[in-house]
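Report on the following structure.
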Amino acid sequence: MALGHAVTLGLLQGPTELLPVSSSAHTTLVPWLAGWPYSKLDGELRKSFEVALHAGTALALALELGEELGEELGVLDARSACMLALSLAPA
């Protein structure tokens with residue numbers, strides 16, 4: 001994948017992740033519309049790239065909202081903290 005394509009998809013991922021639209025669909029649709037060879041990449045490579053995009057979005061949000069997250073987490077009681085931890089665990 002060309003660096004410019006990866007950067008473009010990364011810049012698209014952030015805003016679309018926060019909107020009520022499918023950011024994953026945009027990751028597939030934009031390269032298809034632009035004629036990029038994204039669909040020809042190995043499936044594992046595409047999946048790894050998409051996971052990296054989501055992780056980057058999560059990291060950016062955590063950095064930007066870190067203080068607010070800290071305040072909210074600081075007022076949780078033990079039961080609420082446990083429920084939150086369980087809700088974040090993979091299935």
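If you're wondering about the labels, chains in the structure tokens are A, B, ... by order shown, residues count from 1 in each chain, ligands from 1 in order shown.
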Would you pick out the contacts of Ala60 in chain A at 12 Å or less, using only C-alpha atoms, so that residues sharing its chain but fewer than 2 positions from it are not included, and give the list as a PDB file with C-alpha atoms, in the first residue's frame?
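Dumped to part_10.pdb:
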```pdb
ATOM      1  CA  GLY A  10      -5.952   7.320   8.402  1.00  0.00           C
ATOM      2  CA  LEU A  11      -7.194  10.891   8.047  1.00  0.00           C
ATOM      3  CA  GLN A  13     -10.803   7.035   9.762  1.00  0.00           C
ATOM      4  CA  GLY A  14     -10.715   9.497  12.665  1.00  0.00           C
ATOM      5  CA  PRO A  15     -13.736  11.640  11.779  1.00  0.00           C
ATOM      6  CA  GLU A  17     -15.248   6.750  13.563  1.00  0.00           C
ATOM      7  CA  LEU A  18     -17.033   9.463  15.538  1.00  0.00           C
ATOM      8  CA  LEU A  53      -6.473   2.524  12.133  1.00  0.00           C
ATOM      9  CA  HIS A  54      -8.944   1.801  14.949  1.00  0.00           C
ATOM     10  CA  ALA A  55      -6.151   1.672  17.539  1.00  0.00           C
ATOM     11  CA  GLY A  56      -4.832   5.016  16.304  1.00  0.00           C
ATOM     12  CA  THR A  57      -8.277   6.555  16.628  1.00  0.00           C
ATOM     13  CA  ALA A  58      -8.655   5.169  20.159  1.00  0.00           C
ATOM     14  CA  ALA A  62      -7.562   8.878  24.872  1.00  0.00           C
ATOM     15  CA  LEU A  63      -4.841  11.515  24.541  1.00  0.00           C
ATOM     16  CA  GLU A  64      -7.314  14.283  23.790  1.00  0.00           C
ATOM     17  CA  LEU A  65      -9.840  13.283  26.448  1.00  0.00           C
ATOM     18  CA  GLY A  66      -7.371  11.896  29.008  1.00  0.00           C
TER      19      GLY A  66
END
```
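One distance worth recording is that between CA of Lys40 in chain A and CA of Ser22 in chain A, which is 21.3 Å.
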Requested in this report: Please provide as a VMD selection string all residues within 12 Å of Val30 in chain A, with the sequence filter that same-chain residues fewer than 5 positions apart are discarded (counting only C-alpha atoms).
Outcome: chain A and resid 5 to 6 8 to 13 23 to 25 35 to 39
Dump of N, CA and C atoms for the selected residues, as a tab-separated table (two decimals), in the first residue's frame:
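Result file again.tsv:
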```tsv
chain	number	residue	atom	x	y	z
A	5	HIS	N	-1.78	6.60	0.32
A	5	HIS	CA	-3.08	5.94	0.48
A	5	HIS	C	-3.33	5.66	1.97
A	6	ALA	N	-2.29	5.17	2.65
A	6	ALA	CA	-2.43	4.86	4.08
A	6	ALA	C	-2.74	6.12	4.88
A	8	THR	N	-4.13	8.89	3.76
A	8	THR	CA	-5.48	9.33	3.42
A	8	THR	C	-6.52	8.54	4.19
A	9	LEU	N	-6.35	7.22	4.24
A	9	LEU	CA	-7.32	6.39	4.97
A	9	LEU	C	-7.26	6.68	6.47
A	10	GLY	N	-6.07	6.96	6.99
A	10	GLY	CA	-5.95	7.32	8.40
A	10	GLY	C	-6.66	8.62	8.73
A	11	LEU	N	-6.51	9.61	7.84
A	11	LEU	CA	-7.19	10.89	8.05
A	11	LEU	C	-8.71	10.76	7.92
A	12	LEU	N	-9.15	9.84	7.10
A	12	LEU	CA	-10.59	9.59	6.94
A	12	LEU	C	-11.16	8.81	8.13
A	13	GLN	N	-10.35	7.91	8.68
A	13	GLN	CA	-10.80	7.03	9.76
A	13	GLN	C	-11.23	7.81	11.00
A	23	SER	N	-17.13	3.47	9.64
A	23	SER	CA	-15.77	3.85	9.28
A	23	SER	C	-15.07	2.71	8.54
A	24	SER	N	-15.41	1.48	8.88
A	24	SER	CA	-14.82	0.33	8.19
A	24	SER	C	-15.28	0.28	6.74
A	25	ALA	N	-16.51	0.63	6.49
A	25	ALA	CA	-16.99	0.66	5.10
A	25	ALA	C	-16.26	1.73	4.30
A	35	GLY	N	-9.88	3.67	-7.16
A	35	GLY	CA	-9.14	2.75	-8.02
A	35	GLY	C	-7.83	2.27	-7.43
A	36	TRP	N	-7.69	2.35	-6.10
A	36	TRP	CA	-6.48	1.87	-5.44
A	36	TRP	C	-6.53	0.35	-5.35
A	37	PRO	N	-5.39	-0.33	-5.33
A	37	PRO	CA	-5.37	-1.80	-5.29
A	37	PRO	C	-5.55	-2.36	-3.87
A	38	TYR	N	-6.33	-1.71	-3.04
A	38	TYR	CA	-6.51	-2.12	-1.65
A	38	TYR	C	-7.08	-3.53	-1.55
A	39	SER	N	-8.04	-3.86	-2.39
A	39	SER	CA	-8.68	-5.18	-2.31
A	39	SER	C	-7.73	-6.30	-2.73
```
**Report entry** Point-to-point distance from CA of Thr28 in chain A to CA of Leu61 in chain A, Å rounded to tenths
**Finding:**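 Separation of CA of Thr28 in chain A and CA of Leu61 in chain A: 22.8 Å.
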